[in-house]
Each structure stands twice: as C-alpha cells, then as structure tokens.
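Step one of this worksheet: look at the structure below.
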Amino acid sequence: MAPDDHPPQPLKRSFPPVVDEAVRVLVLGSLPGERSLAATRYYAHPQNQFWRLIGAVIETDLAALDYPRRLETLLQAGVGLWDSVGSAIRQGSLDGNIRGHEANPLAELAARLPELRAIGFNGGTSARIGMKALGEQFRLALVPLPSSSPAYTLPFERKREAWLRLRDYL
C-alpha cells in the first residue's frame with residue numbers, strides 16, 4: 001500500500017426508525033457515531049447531550065432510564081427517532097467525514113405517520129441531507145436544531161433553548 005493510500009472504509013448504516021402511529025415529532029440525526037454503532041443504540045456516546053436535550057423537551061430525565069425505557073418514554077411522549085442518512089462511508093464519527101451517503105426514505109416514513117406535525121434535525125448535516133430528501137413540497141414544520149454532539153461546542157443552555165421549540169408540536 002502506498003503511503004497516501006487508506007484502507008477502504010466500511011459502509012455504515014443507520015438503525016431502523018423508532019416510531020409508532022402516534023408520533024407527532026420526528027427527530028433526525030445524521031448517522032450514528034462509532035459508539036452508537038458499536039452499542040447498537042441511538043446516542044450511546046456518554047458526552048452526547050441528546051438524551052438531556054430531548055428529555056428537557058418532554059420534561060423527563062431520560063438519562064436516568066435504561067435504553068429500552070428511554071425509547072418507550074419518547075414514543076409515549078409522541079417523539080420518534082431516525083437518521084437523515086441511511087448509509088455512508090465515514091471514518092470516525094464526525095459528520096464532516098460522511099462520504100457517498102444515501103439518504104433514508106424520509107418522505108415515505110413521514111407519509112405513514114398520521115399525527116406527524118414536525119421534523120427536528122439534530123445538527124446541520126442532518127438538516128441539509130434531510131431537507132433535500134423530503135423535497136420542496138413537504139408541508140410539515142421543519143426545525144433545524146443545534147447538534148447534540150460534544151463536537152458542537154455551543155453551551156448546553158443555548159442548545160436547550162433551541163430544542164425546547166419542539167414542545168410547540170407535541
């Protein structure tokens with residue numbers, strides 16, 4: 001292998017959506033990071049602020065619950081989870097390293113959720129890819145949110161303030 005060559009990166013895939021027919025707000029990440037992929041759970045990195053942020057939205061301490069109960073509590077509150085990216089090549093966990101992505105079929109999923117009122121995008125990459133996948137004719141509220149990733153260094157309170165806008169759709 002030449003010095004400039006890199007070993008091929010494996011294709012990484014998103015998890016199945018966490019939704020039911022009562023979901024009113026769908027929160028989309030970009031693509032699970034390394035820790036999440038290894039643990040096969042959304043937002044598994046202990047420094048990711050997702051569970052604290054969405055917990056503030058639904059006024060529940062999700063971080064104190066085990067993972068299955070977190071998902072169950074989100075669904076009971078009318079919140080679903082998925083990712084804008086269905087598959088991509090990415091070295092590490094940073095969104096800036098996503099290459100050759102294929103978007104998830106977001107419009108198809110949204111069409112199957114009769115109570116859906118809004119889609120929140122966890123970070124700029126999710127918003128950019130997700131809004132394009134949904135198309136211009138999409139009529140629900142689309143809410144870009146600051147990333148819950150520890151790599152996005154906006155103070156937690158500022159992130160929380162932005163995320164609380166999701167309450168308007170629950």
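In the structure tokens, chains take letters A, B, ... by order of appearance, with residues numbered from 1 within each chain and ligands from 1 in the order shown.
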
Test item: residues at most 9 Å from region 155-158 of chain A, only C-alpha atoms, excluding those fewer than 5 positions along its chain, as a PyMOL selection string
chain A and resi 49+53+146+148+163

Store the residues of this selection in a file with N, CA and C atoms, as a PDB file, in the first residue's frame.
```pdb
ATOM      1  N   GLN A  49     -25.278  15.069  24.169  1.00  0.00           N
ATOM      2  CA  GLN A  49     -26.293  15.703  25.005  1.00  0.00           C
ATOM      3  C   GLN A  49     -27.724  15.402  24.563  1.00  0.00           C
ATOM      4  N   LEU A  53     -31.215  16.864  26.170  1.00  0.00           N
ATOM      5  CA  LEU A  53     -31.952  17.867  25.397  1.00  0.00           C
ATOM      6  C   LEU A  53     -33.386  17.425  25.124  1.00  0.00           C
ATOM      7  N   PRO A 146     -29.529  22.850  16.956  1.00  0.00           N
ATOM      8  CA  PRO A 146     -28.081  22.722  17.158  1.00  0.00           C
ATOM      9  C   PRO A 146     -27.748  21.274  17.522  1.00  0.00           C
ATOM     10  N   SER A 148     -26.486  17.912  19.091  1.00  0.00           N
ATOM     11  CA  SER A 148     -26.276  17.430  20.462  1.00  0.00           C
ATOM     12  C   SER A 148     -24.887  16.851  20.653  1.00  0.00           C
ATOM     13  N   TRP A 163     -33.854  23.604  21.357  1.00  0.00           N
ATOM     14  CA  TRP A 163     -34.571  22.331  21.329  1.00  0.00           C
ATOM     15  C   TRP A 163     -35.972  22.447  21.927  1.00  0.00           C
TER      16      TRP A 163
END
```

For region 107-147 of chain A against region 82-92 of chain A, with a cut-off of 10 Å and counting only C-alpha atoms, what is the closest atom pair and its distance in Å to one decimal for every residue that makes the cut, ordered by chain and number, as a tab-separated table?
```
residue	atom	partner	partner_atom	distance
A:Leu109	CA	A:Trp82	CA	9.9
A:Phe121	CA	A:Ser84	CA	8.3
A:Asn122	CA	A:Asp83	CA	9.0
A:Thr125	CA	A:Ser84	CA	8.4
A:Ser126	CA	A:Ser84	CA	5.4
A:Ala127	CA	A:Ser84	CA	7.8
A:Arg128	CA	A:Ser84	CA	8.8
A:Ile129	CA	A:Ser84	CA	6.1
A:Gly130	CA	A:Ser84	CA	4.9
A:Met131	CA	A:Ser84	CA	8.6
A:Lys132	CA	A:Ser84	CA	9.6
A:Ala133	CA	A:Ser84	CA	7.9
A:Leu134	CA	A:Ser84	CA	9.6
```

CA of Gly80 (chain A) to CA of Ser147 (chain A) measures 16.9 Å

From a DSSP pass on the backbone, collect the residues of chain A flagged as helix (DSSP H, G or I) and hand them back as a PyMOL selection string.
chain A and resi 34-39+50-58+62-64+67-76+95-97+106-111+124-134+156-169

- Task: Choose the residue, out of A:Arg24, A:His45, A:Arg160, A:Arg13, that has the smallest atom-to-atom separation from Gly100 (chain A); count only C-alpha atoms.
- Result: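 That would be A:Arg13, the residue with the smallest distance to Gly100 (chain A).
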
Measure the distance from CA of Ala141 (chain A) to CA of Glu72 (chain A) in Å and round it to one decimal.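 CA of Ala141 (chain A) sits 23.9 Å away from CA of Glu72 (chain A).
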
message: Using Å and a single decimal, report how far CA of Arg117 (chain A) sits from CA of Phe50 (chain A).
response: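 CA of Arg117 (chain A) lies at a distance of 20.4 Å from CA of Phe50 (chain A).
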
field: Residue neighbourhood Arg112 (chain A), 12 Å, only C-alpha atoms, exclusion window fewer than 2 positions, as a list of chain:residue names
entry: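 The residues satisfying every condition are A:Val19, A:Asp20, A:Glu21, A:Ala22, A:Val23, A:Arg24, A:Pro105, A:Leu106, A:Ala107, A:Glu108, A:Leu109, A:Ala110, A:Pro114, A:Glu115, A:Leu116.
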
Inset, instruction - From the DSSP assignment of the backbone, select every residue of chain A that is strand (DSSP E or B), and format the answer as an MDAnalysis selection string. - result: chainID A and resid 11:13 18 25:29 79:83 85:90 98:103 118:122 141:145

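Of the residues under consideration (A:Ala56, A:Ala118, A:Leu140, A:Tyr67), A:Tyr67 shows the shortest atom-to-atom contact distance to Ala44 (chain A) when counting only C-alpha atoms.
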
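Every protein or nucleic acid residue with an atom no more than 12 Å from Asp61 (chain A), counting only C-alpha atoms and leaving out same-chain residues fewer than 2 positions away, appears here: Phe50, Trp51, Arg52, Leu53, Ile54, Gly55, Ala56, Val57, Ile58, Glu59, Ala63, Ala64, Leu65, Asp66, Arg69, Arg70, Thr73 and Leu74 of chain A.
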
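Considering the residues A:Leu154, A:Leu166, A:Ile119, A:Ala39 and counting only C-alpha atoms, Leu81 (chain A) has its shortest atom-to-atom contact with A:Ile119.
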